[in-house]
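**Student:** The structure under discussion is supplied below as structure tokens; questions concerning it will follow.
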Amino acid sequence: MGKNFSDFFLSSECMIRMASGWFYLSCLLLGSLGSMCILFTIYWMQYWRGGFAWNGSIYMFNWHPVLMVAGMVVFYGGASLVYRLPQSWLGPRLPWKLLHAALHLMAFILTVVGLVAVFTFHNHGRIANLYSLHSWLGITAVFLFACQWCLGFAVFLLPWASVWLRSLLKPIHVFFGAAILSLSIASVISGINEKLFFSLKNTTRPYNSLPSEAVFANSTGMLVVAFGLLVLYILLASSWKRPEPGVLTDRQSLLHDGE
């Protein structure tokens, strides 16, 4: 019986170490996917759409997809995972709260600049604003993001809120964090589709003939989906969540001890 118990313990320890390896492998994959999402969008706008400017022209619009992918997807997704890092599980929470808020603020700033780019282009070219499903999804995500950041700053970062209030609002905060990321991904995908339809409408090789630009842009969209799904998986994996004070599972203890 002692031998069986020892074998079971060694097997469990091996599985835990394997799980910790998957955690850091997931983080590495996430960083690679996020970088590729931004770089692919920049390359698409530079190579096929003529590059960037800040003068109200179509080249000003080209900042919009880059900044929205960077802000609402990549930076937002990365900021959401701050409390999944094993280093954040022990010790004071304030530095991690500040990092979480600062990364989200950076994501919001990029998003606002991206919105300025598209609204300025539309107004300069006398194009209607906020008429498409893409724009409705996007502006909803941005509005919820602003509300989420302000609520998080007021309740979770400032010291006035009571423990029961934070406990009450925490599940709502987490839910809307995942919901905003999902809306952002849906907005990016619909935006890529919309951009391709408009840009390839009167060309010799329309969208339905799948020219090289369409293949590249569709691939960029798939990268965004893959990035978002991986972020949501890490957020939902129970063994990678920040434990309650004084409570660490065996798997979480080993993840933290491995630092």
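To be explicit about the labels: the chains of the structure tokens are called A, B, and onward in the order shown, and within each one the residues are counted from 1, while ligands get numbers from 1 in the order they are shown.
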Would you mind listing what lies within 8 Å of A:Arg49 as a list in words, with only C-alpha atoms counted and same-chain residues fewer than 4 positions away left out?

**Tutor:**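 Here the qualifying residues turn out to be Trp44, Met45, Tyr59 and Asn62 of chain A.
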
**Student:** Dump N, CA, C and O atoms for the selected residues as a short mmCIF file (atom, residue, chain, number, x, y, z; two decimals), in the first residue's frame?

**Tutor:**
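The result, stored in selection.cif:
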data_model
loop_
_atom_site.label_atom_id
_atom_site.label_comp_id
_atom_site.auth_asym_id
_atom_site.auth_seq_id
_atom_site.Cartn_x
_atom_site.Cartn_y
_atom_site.Cartn_z
N TRP A 44 -0.25 44.64 -43.47
CA TRP A 44 -1.41 44.74 -44.37
C TRP A 44 -1.64 46.20 -44.77
O TRP A 44 -1.78 46.52 -45.96
N MET A 45 -1.68 47.09 -43.79
CA MET A 45 -1.93 48.50 -44.07
C MET A 45 -0.78 49.15 -44.85
O MET A 45 -1.00 50.03 -45.69
N TYR A 59 -5.05 57.25 -45.63
CA TYR A 59 -3.85 56.77 -44.93
C TYR A 59 -3.94 57.03 -43.43
O TYR A 59 -3.27 56.37 -42.65
N ASN A 62 -5.80 54.12 -41.92
CA ASN A 62 -5.00 52.90 -41.75
C ASN A 62 -4.47 52.73 -40.32
O ASN A 62 -4.10 51.61 -39.94
#

**Student:** If we count only C-alpha atoms and set the cut-off at 10 Å, which residues sit around A:Val174, ignoring sequence neighbours fewer than 3 positions away in its own chain? Please answer as an mmCIF file with N, CA and C atoms, in the first residue's frame.

**Tutor:**
data_model
loop_
_atom_site.group_PDB
_atom_site.id
_atom_site.type_symbol
_atom_site.label_atom_id
_atom_site.label_comp_id
_atom_site.auth_asym_id
_atom_site.auth_seq_id
_atom_site.Cartn_x
_atom_site.Cartn_y
_atom_site.Cartn_z
ATOM 1 N N SER A 80 -5.524 41.673 -18.911
ATOM 2 C CA SER A 80 -6.500 40.831 -18.212
ATOM 3 C C SER A 80 -5.849 39.657 -17.497
ATOM 4 N N GLN A 148 -15.879 49.812 -17.362
ATOM 5 C CA GLN A 148 -15.166 48.773 -16.623
ATOM 6 C C GLN A 148 -13.927 49.335 -15.943
ATOM 7 N N LEU A 169 -18.860 42.734 -6.456
ATOM 8 C CA LEU A 169 -18.615 43.233 -7.816
ATOM 9 C C LEU A 169 -17.549 42.448 -8.574
ATOM 10 N N LYS A 170 -16.742 41.658 -7.870
ATOM 11 C CA LYS A 170 -15.651 40.949 -8.539
ATOM 12 C C LYS A 170 -16.147 40.020 -9.659
ATOM 13 N N PRO A 171 -17.161 39.158 -9.429
ATOM 14 C CA PRO A 171 -17.629 38.298 -10.528
ATOM 15 C C PRO A 171 -18.155 39.095 -11.715
ATOM 16 N N GLY A 177 -15.036 41.700 -18.192
ATOM 17 C CA GLY A 177 -13.707 41.666 -18.789
ATOM 18 C C GLY A 177 -13.648 40.699 -19.956
ATOM 19 N N ALA A 178 -14.181 39.493 -19.761
ATOM 20 C CA ALA A 178 -14.213 38.497 -20.842
ATOM 21 C C ALA A 178 -15.187 38.908 -21.942
ATOM 22 N N ALA A 179 -16.318 39.517 -21.557
ATOM 23 C CA ALA A 179 -17.310 39.931 -22.549
ATOM 24 C C ALA A 179 -16.757 41.029 -23.453
ATOM 25 N N LEU A 235 -7.862 32.641 -18.742
ATOM 26 C CA LEU A 235 -8.720 33.290 -17.754
ATOM 27 C C LEU A 235 -9.635 32.294 -17.049
#

**Student:** From the options A:Val74, A:Val82, A:Leu137, A:Met60, which residue's atoms come nearest to A:Phe108, counting only C-alpha atoms?

**Tutor:** A:Val74

**Student:** Report as JSON, numbers by chain all protein, DNA and RNA residues lying within 9 Å of stretch 152-167 of chain A, evaluated on only C-alpha atoms, omitting residues in the same chain fewer than 5 positions from it.

**Tutor:** {"A": [94, 97, 98, 101, 147, 173]}

**Student:** Would you give me, as a tab-separated table, each residue of stretch 31-150 of chain A having an atom within 12 Å of an atom of stretch 184-190 of chain A, along with its shortest atom pair and that distance in Å to one decimal, using only C-alpha atoms and sorting by chain and residue number?

**Tutor:**
residue	atom	partner	partner_atom	distance
A:Cys37	CA	A:Val188	CA	11.0
A:Thr41	CA	A:Val188	CA	10.9
A:His64	CA	A:Val188	CA	10.5
A:Pro65	CA	A:Val188	CA	7.7
A:Val66	CA	A:Val188	CA	10.2
A:Leu67	CA	A:Val188	CA	11.0
A:Met68	CA	A:Val188	CA	7.8
A:Val69	CA	A:Val188	CA	7.0
A:Ala70	CA	A:Val188	CA	10.8
A:Gly71	CA	A:Ser184	CA	9.7
A:Met72	CA	A:Ser184	CA	6.0
A:Val73	CA	A:Ser184	CA	6.4
A:Val74	CA	A:Ile185	CA	10.1
A:Phe75	CA	A:Ser184	CA	11.7
A:Tyr76	CA	A:Ser184	CA	9.5
A:Gly77	CA	A:Ser184	CA	10.1
A:Thr111	CA	A:Ser184	CA	10.8
A:Ser132	CA	A:Ser190	CA	9.5
A:Leu133	CA	A:Ser190	CA	7.8
A:His134	CA	A:Ser187	CA	5.3
A:Ser135	CA	A:Ser187	CA	7.3
A:Trp136	CA	A:Ser187	CA	8.3
A:Leu137	CA	A:Ser187	CA	5.4
A:Gly138	CA	A:Ser187	CA	5.2
A:Ile139	CA	A:Ser187	CA	9.0
A:Thr140	CA	A:Ser184	CA	9.0
A:Ala141	CA	A:Ser184	CA	6.0
A:Val142	CA	A:Ser184	CA	8.3
A:Phe143	CA	A:Ser184	CA	11.3
A:Leu144	CA	A:Ser184	CA	10.6
A:Phe145	CA	A:Ser184	CA	9.9

**Student:** Choose the residue, out of A:Ile234, A:Leu151, A:Val224, A:Ala217, that has the smallest atom-to-atom separation from A:Ile192; count only C-alpha atoms.

**Tutor:** A:Ala217

**Student:** Quick one: DSSP alpha helix (DSSP H) residues in stretch 2-218 of chain A, as an MDAnalysis selection string?

**Tutor:** chainID A and resid 2:47 58:61 63:68 76:80 94:124 133:152 163:199 212:218

**Student:** For A:Leu81, please output as an MDAnalysis selection string all residues within 10 Å (counting only C-alpha atoms; exclusion window: fewer than 2 positions along the same chain).

**Tutor:** chainID A and resid 27 76:79 83:85 100 231:232 234:235 240:241

**Student:** Skip A:Thr120 itself and residues of its chain fewer than 2 positions away, then list as a PyMOL selection string all residues within 9 Å of it, counting only C-alpha atoms.

**Tutor:** chain A and resi 55-57+60-61+115-118+122-125

**Student:** Using only C-alpha atoms for the distances, tell me which of A:Ala146, A:Leu168, A:Ile127, A:Leu99 is nearest to A:Val112.

**Tutor:**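 Counting only C-alpha atoms, the residue closest to A:Val112 is A:Ala146.
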
**Student:** Quick one: pull the distance between atom CA of A:Ser182 and atom CA of A:Gly34, Å, one decimal.

**Tutor:**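 Interatomic distance, atom CA of A:Ser182 to atom CA of A:Gly34: 15.3 Å.
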